[in-house]
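The next block is model00.cif, given as mmCIF, C-alpha atoms.
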data_coords
loop_
_atom_site.group_PDB
_atom_site.id
_atom_site.type_symbol
_atom_site.label_atom_id
_atom_site.label_comp_id
_atom_site.auth_asym_id
_atom_site.auth_seq_id
_atom_site.Cartn_x
_atom_site.Cartn_y
_atom_site.Cartn_z
ATOM 1 C CA MET J 114 14.512 0.159 78.760
ATOM 2 C CA LYS J 115 12.869 2.098 81.570
ATOM 3 C CA LEU J 116 14.677 4.941 83.298
ATOM 4 C CA GLN J 117 14.018 5.935 86.896
ATOM 5 C CA THR J 118 11.768 8.997 87.173
ATOM 6 C CA GLY J 119 14.628 11.202 88.424
ATOM 7 C CA THR J 120 16.765 10.240 85.422
ATOM 8 C CA ARG J 121 13.984 11.001 82.983
ATOM 9 C CA LEU J 122 13.281 14.381 84.610
ATOM 10 C CA GLY J 123 17.021 15.147 84.613
ATOM 11 C CA LEU J 124 17.203 14.475 80.870
ATOM 12 C CA TYR J 125 14.054 16.527 80.207
ATOM 13 C CA ALA J 126 15.360 19.479 82.237
ATOM 14 C CA VAL J 127 18.894 19.520 80.806
ATOM 15 C CA LEU J 128 17.726 19.134 77.209
ATOM 16 C CA GLU J 129 15.032 21.792 77.533
ATOM 17 C CA LEU J 130 17.462 24.268 79.139
ATOM 18 C CA ALA J 131 20.279 23.428 76.703
ATOM 19 C CA ARG J 132 17.952 24.075 73.771
ATOM 20 C CA GLU J 133 18.262 27.838 74.486
ATOM 21 C CA PRO J 134 21.203 28.371 76.858
ATOM 22 C CA GLU J 135 20.454 32.081 77.440
ATOM 23 C CA ARG J 136 16.908 31.379 78.607
ATOM 24 C CA THR J 137 16.055 30.781 82.273
ATOM 25 C CA LEU J 138 13.195 28.513 83.351
ATOM 26 C CA SER J 139 12.026 27.720 86.887
ATOM 27 C CA ALA J 140 11.292 24.248 88.229
ATOM 28 C CA ALA J 141 7.604 25.161 87.920
ATOM 29 C CA ASP J 142 8.006 26.187 84.239
ATOM 30 C CA LEU J 143 9.745 22.898 83.432
ATOM 31 C CA ALA J 144 7.252 20.851 85.465
ATOM 32 C CA GLU J 145 4.358 22.391 83.575
ATOM 33 C CA ARG J 146 6.015 21.812 80.204
ATOM 34 C CA PHE J 147 6.467 18.086 80.844
ATOM 35 C CA GLY J 148 3.434 17.526 83.058
ATOM 36 C CA VAL J 149 5.483 16.275 86.021
ATOM 37 C CA SER J 150 5.835 17.083 89.744
ATOM 38 C CA SER J 151 7.593 20.418 90.346
ATOM 39 C CA HIS J 152 8.733 19.206 93.758
ATOM 40 C CA HIS J 153 10.535 16.237 92.214
ATOM 41 C CA LEU J 154 11.899 18.441 89.438
ATOM 42 C CA ALA J 155 13.298 20.951 91.974
ATOM 43 C CA LYS J 156 15.251 18.121 93.601
ATOM 44 C CA VAL J 157 16.524 16.937 90.208
ATOM 45 C CA LEU J 158 17.614 20.496 89.336
ATOM 46 C CA ARG J 159 19.653 20.678 92.556
ATOM 47 C CA THR J 160 21.498 17.505 91.496
ATOM 48 C CA LEU J 161 22.121 18.953 88.031
ATOM 49 C CA SER J 162 23.305 22.197 89.626
ATOM 50 C CA GLY J 163 25.726 20.271 91.840
ATOM 51 C CA ALA J 164 27.172 18.705 88.686
ATOM 52 C CA GLY J 165 27.640 22.144 87.106
ATOM 53 C CA LEU J 166 25.202 21.492 84.272
ATOM 54 C CA VAL J 167 22.709 24.192 85.312
ATOM 55 C CA ARG J 168 22.874 27.255 87.527
ATOM 56 C CA GLY J 169 20.355 29.402 89.383
ATOM 57 C CA GLY J 170 17.121 28.662 91.129
ATOM 58 C CA ARG J 171 16.907 30.923 94.168
ATOM 59 C CA GLY J 172 13.497 30.350 95.732
ATOM 60 C CA ALA J 173 10.540 28.583 94.172
ATOM 61 C CA ALA J 174 10.305 30.979 91.213
ATOM 62 C CA GLY J 175 14.080 31.192 90.623
ATOM 63 C CA GLY J 176 15.082 30.461 87.068
ATOM 64 C CA TYR J 177 17.666 27.912 85.965
ATOM 65 C CA ARG J 178 19.818 28.106 82.896
ATOM 66 C CA PHE J 179 22.141 25.651 81.184
ATOM 67 C CA THR J 180 25.823 26.120 82.027
ATOM 68 C CA GLY J 181 27.322 22.923 80.586
ATOM 69 C CA ASN J 182 28.909 22.201 77.210
ATOM 70 C CA ARG J 183 26.367 20.937 74.674
ATOM 71 C CA ARG J 184 28.986 19.216 72.536
ATOM 72 C CA ARG J 185 30.834 17.519 75.373
ATOM 73 C CA THR J 186 27.921 16.485 77.601
ATOM 74 C CA THR J 187 26.414 13.132 76.684
ATOM 75 C CA LEU J 188 23.170 11.484 77.767
ATOM 76 C CA MET J 189 25.303 9.112 79.868
ATOM 77 C CA ASP J 190 26.701 12.030 81.899
ATOM 78 C CA ILE J 191 23.156 12.850 83.019
ATOM 79 C CA VAL J 192 22.007 9.242 83.453
ATOM 80 C CA ALA J 193 25.068 8.549 85.646
ATOM 81 C CA LEU J 194 23.977 11.297 88.076
ATOM 82 C CA PHE J 195 20.733 9.483 88.838
ATOM 83 C CA GLU J 196 21.299 5.778 88.184
ATOM 84 C CA PRO J 197 23.750 3.540 90.070
ATOM 85 C CA ALA J 198 26.829 2.674 87.990
ATOM 86 C CA PRO J 199 26.602 -0.951 86.731
ATOM 87 C CA GLY J 200 29.763 -2.001 88.607
ATOM 88 C CA GLN J 201 28.701 -0.362 91.847
ATOM 89 C CA ARG J 202 25.425 -2.052 92.612
ATOM 90 C CA ALA J 203 25.175 -4.540 95.450
ATOM 91 C CA LYS J 204 25.595 -8.237 94.718
ATOM 92 C CA GLU J 205 22.271 -10.021 94.293
ATOM 93 C CA PRO J 206 21.618 -13.437 95.862
ATOM 94 C CA GLY J 207 22.433 -16.296 93.517
ATOM 95 C CA GLU J 208 25.009 -14.412 91.446
ATOM 96 C CA ASP J 209 27.785 -16.761 92.547
ATOM 97 C CA THR J 210 26.098 -19.862 91.071
ATOM 98 C CA ASP J 211 26.926 -21.005 87.524
ATOM 99 C CA ILE J 212 23.504 -19.891 86.298
ATOM 100 C CA GLY J 213 23.867 -16.565 88.124
ATOM 101 C CA THR J 214 27.280 -16.006 86.501
ATOM 102 C CA ALA J 215 25.952 -16.865 83.038
ATOM 103 C CA LEU J 216 23.038 -14.467 83.549
ATOM 104 C CA GLN J 217 25.437 -11.724 84.692
ATOM 105 C CA ARG J 218 27.415 -12.143 81.454
ATOM 106 C CA VAL J 219 24.284 -11.528 79.400
ATOM 107 C CA LEU J 220 23.224 -8.542 81.520
ATOM 108 C CA LEU J 221 26.737 -7.065 81.237
ATOM 109 C CA GLU J 222 26.458 -7.307 77.440
ATOM 110 C CA VAL J 223 23.145 -5.427 77.552
ATOM 111 C CA ASP J 224 24.615 -2.785 79.906
ATOM 112 C CA GLU J 225 27.645 -2.258 77.652
ATOM 113 C CA ILE J 226 25.482 -1.666 74.601
ATOM 114 C CA ALA J 227 23.214 0.715 76.537
ATOM 115 C CA GLU J 228 26.212 2.629 77.838
ATOM 116 C CA ALA J 229 27.796 2.865 74.384
ATOM 117 C CA THR J 230 24.535 4.299 73.049
ATOM 118 C CA LEU J 231 24.055 6.826 75.859
ATOM 119 C CA ARG J 232 27.716 7.863 75.838
ATOM 120 C CA SER J 233 27.798 8.453 72.099
ATOM 121 C CA ILE J 234 24.871 10.889 71.993
ATOM 122 C CA SER J 235 25.772 14.457 72.956
ATOM 123 C CA LEU J 236 23.178 17.066 73.896
ATOM 124 C CA GLU J 237 24.143 18.805 70.647
ATOM 125 C CA THR J 238 23.275 15.669 68.647
ATOM 126 C CA MET J 239 19.965 15.254 70.524
ATOM 127 C CA LEU J 240 18.941 18.856 69.903
ATOM 128 C CA LYS J 241 19.949 18.976 66.252
ATOM 129 C CA PRO J 242 17.028 18.698 63.838
ATOM 130 C CA ARG J 243 16.945 15.230 62.235
ATOM 131 C CA ARG J 244 17.963 15.326 58.595
ATOM 132 C CA MET S 175 39.437 25.926 53.084
ATOM 133 C CA VAL S 176 38.922 22.193 52.755
ATOM 134 C CA ALA S 177 38.984 20.546 49.337
ATOM 135 C CA ILE S 178 37.703 17.001 48.837
ATOM 136 C CA ARG S 179 38.692 14.796 45.905
ATOM 137 C CA PRO S 180 39.145 11.104 45.047
ATOM 138 C CA THR S 181 42.315 9.545 46.407
ATOM 139 C CA GLN S 182 45.227 8.950 44.001
ATOM 140 C CA ALA S 183 48.130 6.523 44.360
ATOM 141 C CA SER S 184 50.378 9.459 45.237
ATOM 142 C CA ASP S 185 48.260 10.124 48.376
ATOM 143 C CA LEU S 186 48.866 6.641 49.804
ATOM 144 C CA PRO S 187 52.098 7.298 51.742
ATOM 145 C CA ALA S 188 50.517 10.225 53.625
ATOM 146 C CA ILE S 189 47.308 8.225 54.249
ATOM 147 C CA SER S 190 49.203 5.178 55.513
ATOM 148 C CA ALA S 191 51.357 7.377 57.743
ATOM 149 C CA LEU S 192 48.365 9.210 59.250
ATOM 150 C CA ASP S 193 46.513 5.951 59.881
ATOM 151 C CA ALA S 194 49.587 4.235 61.356
ATOM 152 C CA ARG S 195 50.139 7.190 63.672
ATOM 153 C CA LEU S 196 46.523 7.054 64.919
ATOM 154 C CA THR S 197 45.982 3.287 65.108
ATOM 155 C CA GLY S 198 49.512 2.057 65.744
ATOM 156 C CA VAL S 199 49.188 -0.391 62.838
ATOM 157 C CA ASP S 200 50.826 0.171 59.454
ATOM 158 C CA LYS S 201 48.724 -1.370 56.658
ATOM 159 C CA PRO S 202 49.776 0.123 53.305
ATOM 160 C CA ASP S 203 48.409 -2.863 51.305
ATOM 161 C CA TYR S 204 44.937 -2.330 52.774
ATOM 162 C CA TRP S 205 44.926 1.312 51.660
ATOM 163 C CA ARG S 206 46.258 0.419 48.197
ATOM 164 C CA ASP S 207 43.345 -2.024 47.768
ATOM 165 C CA MET S 208 40.937 0.845 48.574
ATOM 166 C CA LEU S 209 41.911 2.407 45.203
ATOM 167 C CA ALA S 210 39.918 -0.353 43.429
ATOM 168 C CA PRO S 211 37.351 1.109 41.003
ATOM 169 C CA ASP S 212 34.338 -0.168 42.995
ATOM 170 C CA ARG S 213 35.521 1.565 46.160
ATOM 171 C CA HIS S 214 34.971 5.176 47.173
ATOM 172 C CA PHE S 215 38.131 6.600 48.669
ATOM 173 C CA LEU S 216 38.269 10.369 49.274
ATOM 174 C CA VAL S 217 40.808 12.733 50.784
ATOM 175 C CA ALA S 218 40.401 16.173 52.327
ATOM 176 C CA GLU S 219 43.299 18.550 51.880
ATOM 177 C CA THR S 220 44.244 22.180 52.373
ATOM 178 C CA ASP S 221 44.631 24.579 49.446
ATOM 179 C CA SER S 222 48.349 23.831 49.497
ATOM 180 C CA GLY S 223 47.705 20.086 49.275
ATOM 181 C CA THR S 224 48.381 18.998 52.885
ATOM 182 C CA LEU S 225 46.368 15.926 53.895
ATOM 183 C CA LEU S 226 43.682 16.709 56.509
ATOM 184 C CA GLY S 227 41.930 13.364 56.495
ATOM 185 C CA PHE S 228 40.362 10.622 54.422
ATOM 186 C CA ILE S 229 37.294 8.404 54.210
ATOM 187 C CA ALA S 230 36.804 5.042 52.490
ATOM 188 C CA GLY S 231 33.697 3.076 51.646
ATOM 189 C CA GLU S 232 31.927 0.808 49.205
ATOM 190 C CA ILE S 233 28.408 -0.065 48.076
ATOM 191 C CA ARG S 234 27.486 -3.647 48.939
ATOM 192 C CA ALA S 235 24.225 -5.411 48.141
ATOM 193 C CA TRP S 236 22.796 -8.452 49.949
ATOM 194 C CA GLU S 237 25.641 -8.502 52.420
ATOM 195 C CA PHE S 238 24.144 -10.256 55.478
ATOM 196 C CA GLY S 239 20.823 -10.421 53.626
ATOM 197 C CA GLN S 240 20.405 -6.655 53.469
ATOM 198 C CA PRO S 241 19.612 -4.609 50.341
ATOM 199 C CA ALA S 242 22.282 -2.294 48.889
ATOM 200 C CA ALA S 243 23.879 0.057 51.394
ATOM 201 C CA GLY S 244 26.893 2.328 51.310
ATOM 202 C CA TRP S 245 29.399 1.068 53.852
ATOM 203 C CA VAL S 246 31.854 3.394 55.551
ATOM 204 C CA PHE S 247 35.012 1.340 56.176
ATOM 205 C CA ALA S 248 37.315 3.968 57.575
ATOM 206 C CA ILE S 249 37.624 7.637 58.420
ATOM 207 C CA GLN S 250 40.637 9.378 59.906
ATOM 208 C CA ILE S 251 41.245 13.067 60.534
ATOM 209 C CA GLU S 252 44.564 14.647 61.423
ATOM 210 C CA PRO S 253 44.149 15.260 65.214
ATOM 211 C CA ARG S 254 45.298 18.906 65.066
ATOM 212 C CA GLN S 255 42.682 19.623 62.384
ATOM 213 C CA ARG S 256 39.665 18.211 64.225
ATOM 214 C CA GLN S 257 36.601 20.161 65.403
ATOM 215 C CA ARG S 258 36.433 22.188 62.198
ATOM 216 C CA GLY S 259 34.118 20.083 60.077
ATOM 217 C CA VAL S 260 36.634 18.089 57.984
ATOM 218 C CA GLY S 261 35.118 14.744 59.055
ATOM 219 C CA SER S 262 31.566 15.944 58.406
ATOM 220 C CA ALA S 263 32.603 17.270 54.980
ATOM 221 C CA LEU S 264 34.202 13.910 54.078
ATOM 222 C CA PHE S 265 31.151 12.006 55.343
ATOM 223 C CA ASP S 266 28.786 14.255 53.362
ATOM 224 C CA ALA S 267 30.890 13.835 50.206
ATOM 225 C CA LEU S 268 30.898 10.033 50.542
ATOM 226 C CA VAL S 269 27.139 9.956 51.182
ATOM 227 C CA ALA S 270 26.584 12.161 48.104
ATOM 228 C CA ARG S 271 28.518 9.633 45.990
ATOM 229 C CA PHE S 272 26.509 6.750 47.433
ATOM 230 C CA LYS S 273 23.261 8.596 46.697
ATOM 231 C CA ALA S 274 24.396 9.302 43.131
ATOM 232 C CA LYS S 275 24.640 5.507 42.722
ATOM 233 C CA GLY S 276 21.050 5.091 43.934
ATOM 234 C CA VAL S 277 21.828 3.918 47.467
ATOM 235 C CA THR S 278 19.412 5.067 50.174
ATOM 236 C CA ARG S 279 21.185 3.729 53.249
ATOM 237 C CA VAL S 280 24.620 4.218 54.761
ATOM 238 C CA ARG S 281 26.119 1.819 57.258
ATOM 239 C CA THR S 282 29.240 1.313 59.337
ATOM 240 C CA LEU S 283 30.652 -0.787 62.172
ATOM 241 C CA VAL S 284 32.279 0.814 65.195
ATOM 242 C CA ASP S 285 33.924 -0.408 68.373
ATOM 243 C CA ARG S 286 31.295 0.137 71.086
ATOM 244 C CA LYS S 287 34.033 1.278 73.479
ATOM 245 C CA ASP S 288 35.275 3.928 71.020
ATOM 246 C CA HIS S 289 32.963 6.718 72.117
ATOM 247 C CA LEU S 290 34.728 9.361 70.008
ATOM 248 C CA ILE S 291 33.973 7.716 66.667
ATOM 249 C CA LEU S 292 30.530 6.586 67.872
ATOM 250 C CA ALA S 293 29.734 10.198 68.798
ATOM 251 C CA PHE S 294 30.962 11.369 65.376
ATOM 252 C CA PHE S 295 28.623 9.051 63.469
ATOM 253 C CA ARG S 296 25.754 9.871 65.853
ATOM 254 C CA ALA S 297 26.320 13.559 65.182
ATOM 255 C CA GLN S 298 25.963 12.816 61.453
ATOM 256 C CA GLY S 299 22.499 11.435 62.224
ATOM 257 C CA MET S 300 23.338 7.720 62.250
ATOM 258 C CA VAL S 301 21.410 5.480 64.675
ATOM 259 C CA ALA S 302 21.602 1.792 65.608
ATOM 260 C CA GLY S 303 20.906 -0.321 62.528
ATOM 261 C CA PRO S 304 18.848 -3.494 62.173
ATOM 262 C CA SER S 305 21.811 -5.852 62.659
ATOM 263 C CA LEU S 306 23.698 -6.948 65.726
ATOM 264 C CA GLN S 307 27.304 -7.954 65.224
ATOM 265 C CA LEU S 308 28.246 -11.250 66.895
ATOM 266 C CA ASP S 309 31.759 -12.579 67.523
ATOM 267 C CA MET S 310 33.236 -15.799 68.806
ATOM 268 C CA ASP S 311 36.737 -16.696 69.822
ATOM 269 C CA VAL S 312 37.840 -19.855 67.980
ATOM 270 C CA ALA S 313 41.533 -19.843 68.877
#
Represent the structure contained in this file as structure tokens.
Amino acid sequence: MKLQTGTRLGLYAVLELAREPERTLSAADLAERFGVSSHHLAKVLRTLSGAGLVRGGRGAAGGYRFTGNRRRTTLMDIVALFEPAPGQRAKEPGEDTDIGTALQRVLLEVDEIAEATLRSISLETMLKPRR
Amino acid sequence: MVAIRPTQASDLPAISALDARLTGVDKPDYWRDMLAPDRHFLVAETDSGTLLGFIAGEIRAWEFGQPAAGWVFAIQIEPRQRQRGVGSALFDALVARFKAKGVTRVRTLVDRKDHLILAFFRAQGMVAGPSLQLDMDVA
């Protein structure tokens, strides 16, 4: 499964900030840590800020910190900010044929399993050391 | 404090009642069968003996071609007593009993739409196993 770049950066940023909620990191700090574009990361941080998961970031050097709930926020909550919801994407040509319908059934099964996985993993679970 | 001990016949009414309240299905015979000697059926209770929750499981070998694993069949926690580690304590106690029997793997099946219980098992460190469950309607 490949996530869109924005989704991946959103997950990186939230998890890194949630690791130490009192710490603030700028878009540049996070970009350097993960070796990604700080411009793209700044945009992602604005989306996360709009969702109430992070706060801060005045100016280029402004620091962000995590303001969400580690136990209640799941990977799906972050993915859903950046990826279109499965039911809300536009209809593709051919979907109304019998083969298109059969293919949609299979893809729905895959989506449901992916969603169950992403929705069941909280930030807390992700950040906990594996036993 | 939470105390964990093996279930006795006298616990069954409270277990059945808690489960029926949470699932909407009363199945006392199912819980009585869990007292069988090859099953692991544990309760968590307060110092004064009030039921906080229970967990049930069994070690099965070569089920679906897989080597021995400890299966978790059921776990229920009194809703007002959640978020204080009762479920984790029950899970840890069951896993300890499985390990004492030489089992190195623990396994369960969950409804993929039940994100609460999925999140609980994930928080215990469980991940997707090697099997995929398949169903078919034959009515």
For each of J:Asp211, J:Leu194, J:Glu205, J:Glu225, take the minimum atom-to-atom distance to Gly163 of chain J, counting only C-alpha atoms, then give the residue where this is smallest.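 Closest residue, counting only C-alpha atoms: J:Leu194.
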Dump as a list in words the residues of chain J that approach chain S to within 8 Å, counting all atoms listed in the file.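 Contact residues on the first chain: Glu225, Ile226, Ala229, Arg232, Ser233, Ile234, Ser235, Glu237, Thr238, Arg243 and Arg244 of chain J.
Minimum atom-to-atom distance to Val269 of chain S, evaluated using only C-alpha atoms, belongs to S:Ile233 out of S:Ile233, S:Pro241, S:Gln250, S:Val176.
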For atom CA of Met189 of chain J and atom CA of Arg146 of chain J, quote the distance in Å rounded to one decimal.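 Between these atoms lies a distance of 23.1 Å.
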With the file shown as input, list the residues that the PyMOL selection byres ((chain J and resi 167) around 8) selects, as number ranges by chain. J: 127, 158, 161-162, 164-166, 168-169, 177-181
Counting all atoms listed in the file, figure out which residue out of S:Ala313, S:Phe228, S:Gly303, S:Pro180 gets nearest to Ala210 of chain S. S:Pro180
Matched chain/residue IDs from the PyMOL selection byres ((chain J and resi 123) around 10), as a PyMOL selection string: chain J and resi 117-122+124-129+154+156-158+160-161+188+191-192+194-195
Between atom CA of Glu133 of chain J and atom CA of Gln255 of chain S, what is the distance, to one decimal in Å?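 Distance reported for this atom pair: 28.5 Å.
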So what do you get for atom CA of Ser305 of chain S versus atom CA of Thr278 of chain S, distance-wise?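 Separation of atom CA of Ser305 of chain S and atom CA of Thr278 of chain S: 16.8 Å.
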Could you pull the residues within 12 Å of Pro304 of chain S, counting all atoms listed in the file, minus those fewer than 2 positions along the same chain, as a list in words?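 With the cut-off at 12 Å, the set is Phe238, Gly239, Gln240, Pro241, Arg279, Arg281, Thr282, Val301, Ala302, Leu306 and Gln307 of chain S.
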Would you save the residues from that selection as a compact mmCIF listing (two decimals), keeping the file's coordinate frame, using C-alpha atoms?
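result.txt, written as the output of this step:
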# COMPACT_ATOMS: atom_id res chain seq x y z
CA PHE S 238 24.14 -10.26 55.48
CA GLY S 239 20.82 -10.42 53.63
CA GLN S 240 20.40 -6.66 53.47
CA PRO S 241 19.61 -4.61 50.34
CA ARG S 279 21.18 3.73 53.25
CA ARG S 281 26.12 1.82 57.26
CA THR S 282 29.24 1.31 59.34
CA VAL S 301 21.41 5.48 64.68
CA ALA S 302 21.60 1.79 65.61
CA LEU S 306 23.70 -6.95 65.73
CA GLN S 307 27.30 -7.95 65.22
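The protein and nucleic acid residues lying at most 8 Å from segment 188-201 of chain S are S:Asp185, S:Tyr204, S:Trp205, S:Leu225, S:Gly227, S:Phe228, S:Gln250, S:Glu252, with only C-alpha atoms considered and sequence neighbours fewer than 3 positions away removed.
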Could you write out that same residue set with C-alpha atoms as an mmCIF file, in the coordinates of the input?
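So the final result, stored in selection_8.cif, reads:
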data_model
loop_
_atom_site.group_PDB
_atom_site.id
_atom_site.type_symbol
_atom_site.label_atom_id
_atom_site.label_comp_id
_atom_site.auth_asym_id
_atom_site.auth_seq_id
_atom_site.Cartn_x
_atom_site.Cartn_y
_atom_site.Cartn_z
ATOM 1 C CA ASP S 185 48.260 10.124 48.376
ATOM 2 C CA TYR S 204 44.937 -2.330 52.774
ATOM 3 C CA TRP S 205 44.926 1.312 51.660
ATOM 4 C CA LEU S 225 46.368 15.926 53.895
ATOM 5 C CA GLY S 227 41.930 13.364 56.495
ATOM 6 C CA PHE S 228 40.362 10.622 54.422
ATOM 7 C CA GLN S 250 40.637 9.378 59.906
ATOM 8 C CA GLU S 252 44.564 14.647 61.423
#
Between J:Asp224, J:Thr186, J:Ala155, J:Lys115, which is the closest to Ala198 of chain J once you count all atoms listed in the file? J:Asp224
Would you fill out segment 196-218 of chain S with N, CA and C atoms and return it as a PDB file, in the coordinates of the input?
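The file below, result.pdb, is the result:
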ATOM      1  N   LEU S 196      47.722   7.031  64.080  1.00  0.00           N
ATOM      2  CA  LEU S 196      46.523   7.054  64.919  1.00  0.00           C
ATOM      3  C   LEU S 196      46.137   5.676  65.451  1.00  0.00           C
ATOM      4  N   THR S 197      46.420   4.623  64.687  1.00  0.00           N
ATOM      5  CA  THR S 197      45.982   3.287  65.108  1.00  0.00           C
ATOM      6  C   THR S 197      47.137   2.442  65.630  1.00  0.00           C
ATOM      7  N   GLY S 198      48.357   2.845  65.329  1.00  0.00           N
ATOM      8  CA  GLY S 198      49.512   2.057  65.744  1.00  0.00           C
ATOM      9  C   GLY S 198      49.765   0.856  64.844  1.00  0.00           C
ATOM     10  N   VAL S 199      49.005   0.738  63.758  1.00  0.00           N
ATOM     11  CA  VAL S 199      49.188  -0.391  62.838  1.00  0.00           C
ATOM     12  C   VAL S 199      49.406   0.144  61.426  1.00  0.00           C
ATOM     13  N   ASP S 200      50.510  -0.255  60.810  1.00  0.00           N
ATOM     14  CA  ASP S 200      50.826   0.171  59.454  1.00  0.00           C
ATOM     15  C   ASP S 200      50.243  -0.852  58.484  1.00  0.00           C
ATOM     16  N   LYS S 201      49.339  -0.421  57.581  1.00  0.00           N
ATOM     17  CA  LYS S 201      48.724  -1.370  56.658  1.00  0.00           C
ATOM     18  C   LYS S 201      48.620  -0.792  55.246  1.00  0.00           C
ATOM     19  N   PRO S 202      49.779  -0.514  54.635  1.00  0.00           N
ATOM     20  CA  PRO S 202      49.776   0.123  53.305  1.00  0.00           C
ATOM     21  C   PRO S 202      49.020  -0.683  52.244  1.00  0.00           C
ATOM     22  N   ASP S 203      49.084  -2.043  52.320  1.00  0.00           N
ATOM     23  CA  ASP S 203      48.409  -2.863  51.305  1.00  0.00           C
ATOM     24  C   ASP S 203      46.894  -2.673  51.366  1.00  0.00           C
ATOM     25  N   TYR S 204      46.377  -2.536  52.590  1.00  0.00           N
ATOM     26  CA  TYR S 204      44.937  -2.330  52.774  1.00  0.00           C
ATOM     27  C   TYR S 204      44.509  -1.040  52.087  1.00  0.00           C
ATOM     28  N   TRP S 205      45.293   0.030  52.263  1.00  0.00           N
ATOM     29  CA  TRP S 205      44.926   1.312  51.660  1.00  0.00           C
ATOM     30  C   TRP S 205      45.092   1.272  50.148  1.00  0.00           C
ATOM     31  N   ARG S 206      46.099   0.520  49.641  1.00  0.00           N
ATOM     32  CA  ARG S 206      46.258   0.419  48.197  1.00  0.00           C
ATOM     33  C   ARG S 206      45.038  -0.267  47.591  1.00  0.00           C
ATOM     34  N   ASP S 207      44.523  -1.303  48.273  1.00  0.00           N
ATOM     35  CA  ASP S 207      43.345  -2.024  47.768  1.00  0.00           C
ATOM     36  C   ASP S 207      42.104  -1.119  47.716  1.00  0.00           C
ATOM     37  N   MET S 208      42.084  -0.079  48.554  1.00  0.00           N
ATOM     38  CA  MET S 208      40.937   0.845  48.574  1.00  0.00           C
ATOM     39  C   MET S 208      40.854   1.676  47.288  1.00  0.00           C
ATOM     40  N   LEU S 209      41.934   1.653  46.473  1.00  0.00           N
ATOM     41  CA  LEU S 209      41.911   2.407  45.203  1.00  0.00           C
ATOM     42  C   LEU S 209      41.129   1.650  44.125  1.00  0.00           C
ATOM     43  N   ALA S 210      40.668   0.438  44.416  1.00  0.00           N
ATOM     44  CA  ALA S 210      39.918  -0.353  43.429  1.00  0.00           C
ATOM     45  C   ALA S 210      38.724   0.454  42.918  1.00  0.00           C
ATOM     46  N   PRO S 211      38.379   0.255  41.628  1.00  0.00           N
ATOM     47  CA  PRO S 211      37.351   1.109  41.003  1.00  0.00           C
ATOM     48  C   PRO S 211      35.980   1.048  41.692  1.00  0.00           C
ATOM     49  N   ASP S 212      35.654  -0.086  42.360  1.00  0.00           N
ATOM     50  CA  ASP S 212      34.338  -0.168  42.995  1.00  0.00           C
ATOM     51  C   ASP S 212      34.336   0.425  44.401  1.00  0.00           C
ATOM     52  N   ARG S 213      35.454   0.963  44.827  1.00  0.00           N
ATOM     53  CA  ARG S 213      35.521   1.565  46.160  1.00  0.00           C
ATOM     54  C   ARG S 213      35.415   3.083  46.042  1.00  0.00           C
ATOM     55  N   HIS S 214      35.013   3.708  47.118  1.00  0.00           N
ATOM     56  CA  HIS S 214      34.971   5.176  47.173  1.00  0.00           C
ATOM     57  C   HIS S 214      35.979   5.604  48.228  1.00  0.00           C
ATOM     58  N   PHE S 215      37.011   6.276  47.783  1.00  0.00           N
ATOM     59  CA  PHE S 215      38.131   6.600  48.669  1.00  0.00           C
ATOM     60  C   PHE S 215      38.434   8.086  48.450  1.00  0.00           C
ATOM     61  N   LEU S 216      38.152   8.917  49.439  1.00  0.00           N
ATOM     62  CA  LEU S 216      38.269  10.369  49.274  1.00  0.00           C
ATOM     63  C   LEU S 216      39.266  10.950  50.273  1.00  0.00           C
ATOM     64  N   VAL S 217      39.938  12.007  49.858  1.00  0.00           N
ATOM     65  CA  VAL S 217      40.808  12.733  50.784  1.00  0.00           C
ATOM     66  C   VAL S 217      40.315  14.165  50.936  1.00  0.00           C
ATOM     67  N   ALA S 218      40.617  14.739  52.102  1.00  0.00           N
ATOM     68  CA  ALA S 218      40.401  16.173  52.327  1.00  0.00           C
ATOM     69  C   ALA S 218      41.775  16.789  52.476  1.00  0.00           C
TER      70      ALA S 218
END
